[in-house]
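Q: Before anything else, here's the structure in question.
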Amino acid sequence: MRIALYDENKTESEKLNRYLEQCGREMMRIVNVTVFGEYEDFCRAVTGSGGQFELLVMAQNGTFSLEIIEMARANIPDIGILWFSDLDFSIRSYAYGVLWFGRKPVQMEDMRKAFRRMEESRKRRYQ
């Protein structure tokens, strides 16, 4: 599974990358995480060749994360998104069709729940 992780906080993105890889191992899935720490790089990857990813994981503080979600959804309408923020966008996340919304800081158990939700969604899609 190819995952794009966007988080401008290097320490946090390293932790989330480890969490995603651990979830993959626990669910017997090979995950390949590409970490983006710069908005421009992430936008180029999503708008230029978004089909290369199967899952987007956004971890951003403030209202800027809304712009990122809107851009991602506009460019790859059917991709699964896991969204983590310091603000409560849980209701907005439903409007964007986000698979999982969670508050930061992200704990391993939160990532496990989000990853399981993503797996359940994929199974339903292919049944």
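Here's how to read the names in the structure tokens: chain A, B, ... by the order shown, residue numbers from 1 in each chain, ligand numbers from 1 in the order shown.
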Name the residues in contact with region 33-35 of chain A at a cut-off of 12 Å, using only C-alpha atoms, excluding same-chain residues fewer than 4 positions from it; report them as a ChimeraX atom specification.

A: /A:1-24,39,41-42,45-46,52-59

Q: Take the residues from that selection and put them in a file with N, CA, C and O atoms, as a short mmCIF file (atom, residue, chain, number, x, y, z; two decimals), in the first residue's frame.

A:
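The resulting file, result-v1.cif, is reproduced below:
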```
data_model
loop_
_atom_site.label_atom_id
_atom_site.label_comp_id
_atom_site.auth_asym_id
_atom_site.auth_seq_id
_atom_site.Cartn_x
_atom_site.Cartn_y
_atom_site.Cartn_z
N MET A 1 0.85 -1.17 0.00
CA MET A 1 0.00 0.00 0.00
C MET A 1 0.90 1.24 0.00
O MET A 1 1.79 1.37 0.82
N ARG A 2 0.61 2.14 -0.91
CA ARG A 2 1.38 3.38 -1.03
C ARG A 2 0.63 4.50 -0.29
O ARG A 2 -0.52 4.79 -0.60
N ILE A 3 1.31 5.10 0.67
CA ILE A 3 0.71 6.11 1.54
C ILE A 3 1.49 7.42 1.42
O ILE A 3 2.72 7.42 1.47
N ALA A 4 0.77 8.52 1.27
CA ALA A 4 1.36 9.85 1.32
C ALA A 4 1.05 10.44 2.69
O ALA A 4 -0.12 10.54 3.07
N LEU A 5 2.08 10.79 3.43
CA LEU A 5 1.93 11.38 4.76
C LEU A 5 2.37 12.83 4.68
O LEU A 5 3.51 13.11 4.29
N TYR A 6 1.46 13.74 5.03
CA TYR A 6 1.82 15.16 5.03
C TYR A 6 1.78 15.69 6.45
O TYR A 6 0.75 15.67 7.11
N ASP A 7 2.95 16.15 6.91
CA ASP A 7 3.08 16.74 8.24
C ASP A 7 4.33 17.60 8.22
O ASP A 7 5.42 17.11 7.91
N GLU A 8 4.19 18.87 8.51
CA GLU A 8 5.33 19.79 8.46
C GLU A 8 6.24 19.66 9.69
O GLU A 8 7.34 20.18 9.69
N ASN A 9 5.77 18.97 10.71
CA ASN A 9 6.56 18.78 11.92
C ASN A 9 7.38 17.49 11.75
O ASN A 9 6.84 16.39 11.78
N LYS A 10 8.69 17.64 11.58
CA LYS A 10 9.56 16.50 11.28
C LYS A 10 9.50 15.42 12.35
O LYS A 10 9.40 14.24 12.04
N THR A 11 9.56 15.80 13.61
CA THR A 11 9.53 14.83 14.70
C THR A 11 8.21 14.06 14.68
O THR A 11 8.20 12.83 14.81
N GLU A 12 7.12 14.78 14.51
CA GLU A 12 5.81 14.14 14.48
C GLU A 12 5.66 13.25 13.25
O GLU A 12 5.12 12.14 13.35
N SER A 13 6.13 13.69 12.10
CA SER A 13 5.99 12.87 10.89
C SER A 13 6.80 11.58 11.01
O SER A 13 6.36 10.53 10.52
N GLU A 14 7.96 11.63 11.65
CA GLU A 14 8.75 10.41 11.87
C GLU A 14 7.97 9.43 12.74
O GLU A 14 7.96 8.22 12.48
N LYS A 15 7.32 9.95 13.77
CA LYS A 15 6.53 9.10 14.66
C LYS A 15 5.34 8.49 13.91
O LYS A 15 5.08 7.29 13.99
N LEU A 16 4.64 9.31 13.13
CA LEU A 16 3.49 8.81 12.37
C LEU A 16 3.92 7.79 11.33
O LEU A 16 3.21 6.81 11.09
N ASN A 17 5.05 8.01 10.71
CA ASN A 17 5.58 7.05 9.75
C ASN A 17 5.80 5.70 10.43
O ASN A 17 5.42 4.65 9.90
N ARG A 18 6.41 5.72 11.61
CA ARG A 18 6.62 4.47 12.36
C ARG A 18 5.28 3.82 12.70
O ARG A 18 5.13 2.60 12.61
N TYR A 19 4.31 4.61 13.12
CA TYR A 19 2.98 4.08 13.44
C TYR A 19 2.35 3.40 12.23
O TYR A 19 1.79 2.31 12.33
N LEU A 20 2.43 4.05 11.07
CA LEU A 20 1.84 3.48 9.85
C LEU A 20 2.53 2.17 9.46
O LEU A 20 1.87 1.19 9.11
N GLU A 21 3.85 2.15 9.55
CA GLU A 21 4.57 0.93 9.23
C GLU A 21 4.22 -0.19 10.20
O GLU A 21 4.06 -1.34 9.80
N GLN A 22 4.08 0.14 11.49
CA GLN A 22 3.71 -0.85 12.49
C GLN A 22 2.30 -1.39 12.22
O GLN A 22 2.07 -2.59 12.29
N CYS A 23 1.37 -0.51 11.89
CA CYS A 23 0.01 -0.95 11.57
C CYS A 23 0.01 -1.89 10.37
O CYS A 23 -0.71 -2.88 10.35
N GLY A 24 0.81 -1.56 9.38
CA GLY A 24 0.94 -2.43 8.22
C GLY A 24 1.43 -3.81 8.61
O GLY A 24 0.87 -4.82 8.18
N TYR A 39 4.41 21.90 1.83
CA TYR A 39 3.12 21.99 1.15
C TYR A 39 3.26 21.87 -0.37
O TYR A 39 2.51 21.14 -1.01
N ASP A 41 5.58 20.45 -2.20
CA ASP A 41 5.94 19.09 -2.61
C ASP A 41 4.72 18.16 -2.55
O ASP A 41 4.50 17.35 -3.45
N PHE A 42 3.96 18.28 -1.48
CA PHE A 42 2.77 17.46 -1.35
C PHE A 42 1.77 17.76 -2.46
O PHE A 42 1.23 16.85 -3.09
N ALA A 45 2.83 16.26 -5.73
CA ALA A 45 2.64 14.80 -5.74
C ALA A 45 1.18 14.42 -5.92
O ALA A 45 0.86 13.50 -6.66
N VAL A 46 0.30 15.15 -5.25
CA VAL A 46 -1.13 14.81 -5.31
C VAL A 46 -1.75 15.25 -6.63
O VAL A 46 -2.52 14.52 -7.24
N GLN A 52 -0.67 7.49 -7.73
CA GLN A 52 0.38 6.64 -7.20
C GLN A 52 0.14 6.29 -5.74
O GLN A 52 0.78 5.40 -5.20
N PHE A 53 -0.78 6.98 -5.07
CA PHE A 53 -1.06 6.73 -3.66
C PHE A 53 -2.43 6.10 -3.47
O PHE A 53 -3.36 6.39 -4.21
N GLU A 54 -2.52 5.25 -2.45
CA GLU A 54 -3.79 4.61 -2.11
C GLU A 54 -4.41 5.20 -0.86
O GLU A 54 -5.57 4.97 -0.58
N LEU A 55 -3.60 5.94 -0.10
CA LEU A 55 -4.07 6.53 1.15
C LEU A 55 -3.31 7.82 1.40
O LEU A 55 -2.10 7.88 1.19
N LEU A 56 -4.05 8.84 1.84
CA LEU A 56 -3.43 10.10 2.26
C LEU A 56 -3.62 10.23 3.77
O LEU A 56 -4.71 10.02 4.28
N VAL A 57 -2.55 10.58 4.46
CA VAL A 57 -2.60 10.82 5.90
C VAL A 57 -2.16 12.26 6.12
O VAL A 57 -1.04 12.63 5.75
N MET A 58 -3.07 13.07 6.65
CA MET A 58 -2.79 14.48 6.90
C MET A 58 -2.70 14.70 8.40
O MET A 58 -3.60 14.30 9.14
N ALA A 59 -1.65 15.37 8.82
CA ALA A 59 -1.50 15.74 10.23
C ALA A 59 -1.02 17.17 10.26
O ALA A 59 0.16 17.45 10.04
#
```

Q: Identify all residues of chain A in strand (DSSP E or B) (DSSP on the backbone) and supply them as a PDB file with N, CA and C atoms, in the first residue's frame.

A:
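Final output, saved to states36.pdb:
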```pdb
ATOM      1  N   ARG A   2       0.611   2.136  -0.914  1.00  0.00           N
ATOM      2  CA  ARG A   2       1.376   3.376  -1.027  1.00  0.00           C
ATOM      3  C   ARG A   2       0.634   4.499  -0.290  1.00  0.00           C
ATOM      4  N   ILE A   3       1.314   5.095   0.671  1.00  0.00           N
ATOM      5  CA  ILE A   3       0.711   6.108   1.538  1.00  0.00           C
ATOM      6  C   ILE A   3       1.488   7.419   1.415  1.00  0.00           C
ATOM      7  N   ALA A   4       0.767   8.519   1.266  1.00  0.00           N
ATOM      8  CA  ALA A   4       1.364   9.851   1.320  1.00  0.00           C
ATOM      9  C   ALA A   4       1.046  10.435   2.690  1.00  0.00           C
ATOM     10  N   LEU A   5       2.078  10.791   3.433  1.00  0.00           N
ATOM     11  CA  LEU A   5       1.930  11.383   4.758  1.00  0.00           C
ATOM     12  C   LEU A   5       2.368  12.830   4.680  1.00  0.00           C
ATOM     13  N   TYR A   6       1.464  13.743   5.031  1.00  0.00           N
ATOM     14  CA  TYR A   6       1.820  15.164   5.029  1.00  0.00           C
ATOM     15  C   TYR A   6       1.782  15.694   6.447  1.00  0.00           C
ATOM     16  N   ASN A  32       4.281   1.426   2.043  1.00  0.00           N
ATOM     17  CA  ASN A  32       5.375   2.268   1.564  1.00  0.00           C
ATOM     18  C   ASN A  32       4.926   3.704   1.791  1.00  0.00           C
ATOM     19  N   VAL A  33       5.508   4.344   2.801  1.00  0.00           N
ATOM     20  CA  VAL A  33       5.100   5.688   3.193  1.00  0.00           C
ATOM     21  C   VAL A  33       6.056   6.705   2.576  1.00  0.00           C
ATOM     22  N   THR A  34       5.486   7.675   1.872  1.00  0.00           N
ATOM     23  CA  THR A  34       6.247   8.812   1.379  1.00  0.00           C
ATOM     24  C   THR A  34       5.869  10.001   2.251  1.00  0.00           C
ATOM     25  N   VAL A  35       6.862  10.569   2.914  1.00  0.00           N
ATOM     26  CA  VAL A  35       6.617  11.664   3.845  1.00  0.00           C
ATOM     27  C   VAL A  35       6.861  12.994   3.134  1.00  0.00           C
ATOM     28  N   PHE A  36       5.889  13.899   3.275  1.00  0.00           N
ATOM     29  CA  PHE A  36       6.001  15.242   2.724  1.00  0.00           C
ATOM     30  C   PHE A  36       5.970  16.233   3.878  1.00  0.00           C
ATOM     31  N   LEU A  55      -3.603   5.940  -0.098  1.00  0.00           N
ATOM     32  CA  LEU A  55      -4.074   6.529   1.152  1.00  0.00           C
ATOM     33  C   LEU A  55      -3.315   7.821   1.402  1.00  0.00           C
ATOM     34  N   LEU A  56      -4.048   8.844   1.842  1.00  0.00           N
ATOM     35  CA  LEU A  56      -3.429  10.096   2.264  1.00  0.00           C
ATOM     36  C   LEU A  56      -3.617  10.228   3.768  1.00  0.00           C
ATOM     37  N   VAL A  57      -2.547  10.575   4.463  1.00  0.00           N
ATOM     38  CA  VAL A  57      -2.600  10.824   5.901  1.00  0.00           C
ATOM     39  C   VAL A  57      -2.159  12.263   6.117  1.00  0.00           C
ATOM     40  N   MET A  58      -3.069  13.074   6.652  1.00  0.00           N
ATOM     41  CA  MET A  58      -2.786  14.483   6.901  1.00  0.00           C
ATOM     42  C   MET A  58      -2.701  14.704   8.403  1.00  0.00           C
ATOM     43  N   ALA A  59      -1.650  15.371   8.822  1.00  0.00           N
ATOM     44  CA  ALA A  59      -1.499  15.736  10.230  1.00  0.00           C
ATOM     45  C   ALA A  59      -1.015  17.175  10.259  1.00  0.00           C
ATOM     46  N   GLN A  60      -1.949  18.066  10.471  1.00  0.00           N
ATOM     47  CA  GLN A  60      -1.631  19.483  10.361  1.00  0.00           C
ATOM     48  C   GLN A  60      -2.374  20.254  11.443  1.00  0.00           C
ATOM     49  N   GLY A  80      -8.745   7.275   0.018  1.00  0.00           N
ATOM     50  CA  GLY A  80      -8.969   7.266   1.458  1.00  0.00           C
ATOM     51  C   GLY A  80      -8.096   8.314   2.142  1.00  0.00           C
ATOM     52  N   ILE A  81      -8.673   8.977   3.118  1.00  0.00           N
ATOM     53  CA  ILE A  81      -7.937  10.014   3.852  1.00  0.00           C
ATOM     54  C   ILE A  81      -8.092   9.785   5.349  1.00  0.00           C
ATOM     55  N   LEU A  82      -6.955   9.817   6.046  1.00  0.00           N
ATOM     56  CA  LEU A  82      -6.937   9.843   7.504  1.00  0.00           C
ATOM     57  C   LEU A  82      -6.462  11.238   7.878  1.00  0.00           C
ATOM     58  N   TRP A  83      -7.224  11.934   8.721  1.00  0.00           N
ATOM     59  CA  TRP A  83      -6.963  13.342   9.017  1.00  0.00           C
ATOM     60  C   TRP A  83      -6.784  13.523  10.510  1.00  0.00           C
ATOM     61  N   PHE A  84      -5.655  14.094  10.904  1.00  0.00           N
ATOM     62  CA  PHE A  84      -5.373  14.392  12.299  1.00  0.00           C
ATOM     63  C   PHE A  84      -5.096  15.884  12.424  1.00  0.00           C
ATOM     64  N   SER A  85      -5.720  16.527  13.408  1.00  0.00           N
ATOM     65  CA  SER A  85      -5.557  17.966  13.596  1.00  0.00           C
ATOM     66  C   SER A  85      -5.626  18.305  15.077  1.00  0.00           C
ATOM     67  N   TRP A 100     -11.224   8.689   8.609  1.00  0.00           N
ATOM     68  CA  TRP A 100     -10.959   8.805  10.031  1.00  0.00           C
ATOM     69  C   TRP A 100     -10.509  10.222  10.351  1.00  0.00           C
ATOM     70  N   PHE A 101     -11.096  10.802  11.382  1.00  0.00           N
ATOM     71  CA  PHE A 101     -10.616  12.063  11.906  1.00  0.00           C
ATOM     72  C   PHE A 101     -10.211  11.842  13.351  1.00  0.00           C
ATOM     73  N   GLY A 102      -9.041  12.325  13.705  1.00  0.00           N
ATOM     74  CA  GLY A 102      -8.567  12.207  15.081  1.00  0.00           C
ATOM     75  C   GLY A 102      -7.842  13.463  15.513  1.00  0.00           C
ATOM     76  N   ARG A 103      -7.868  13.681  16.808  1.00  0.00           N
ATOM     77  CA  ARG A 103      -7.191  14.852  17.378  1.00  0.00           C
ATOM     78  C   ARG A 103      -5.720  14.546  17.624  1.00  0.00           C
TER      79      ARG A 103
END
```

Q: Would you work out the distance separating CA of Ser121 (chain A) from CA of Gly48 (chain A), expressed in Å to one decimal?

A: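 Going from CA of Ser121 (chain A) over to CA of Gly48 (chain A) covers 25.2 Å.
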
Q: From a backbone DSSP assignment, name each residue in region 40-103 of chain A labelled helix (DSSP H, G or I), as a count of residues only.

A: 31

Q: Find the residue from A:Lys104, A:Arg73, A:Arg112, A:Arg25 that sits nearest to Asp86 (chain A); use only C-alpha atoms when measuring.

A: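 Once distances to Asp86 (chain A) are computed over only C-alpha atoms, the minimum belongs to A:Lys104.
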
Q: For a test of reading the model, state the distance in Å between CA of Ser90 (chain A) and CA of Glu67 (chain A), rounded to one decimal.

A: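 Separating CA of Ser90 (chain A) from CA of Glu67 (chain A) is a distance of 15.2 Å.
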
Q: How many Å lie between CA of Pro105 (chain A) and CA of Arg124 (chain A), rounded to one decimal?

A: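 Answer for the CA of Pro105 (chain A) to CA of Arg124 (chain A) separation: 29.3 Å.
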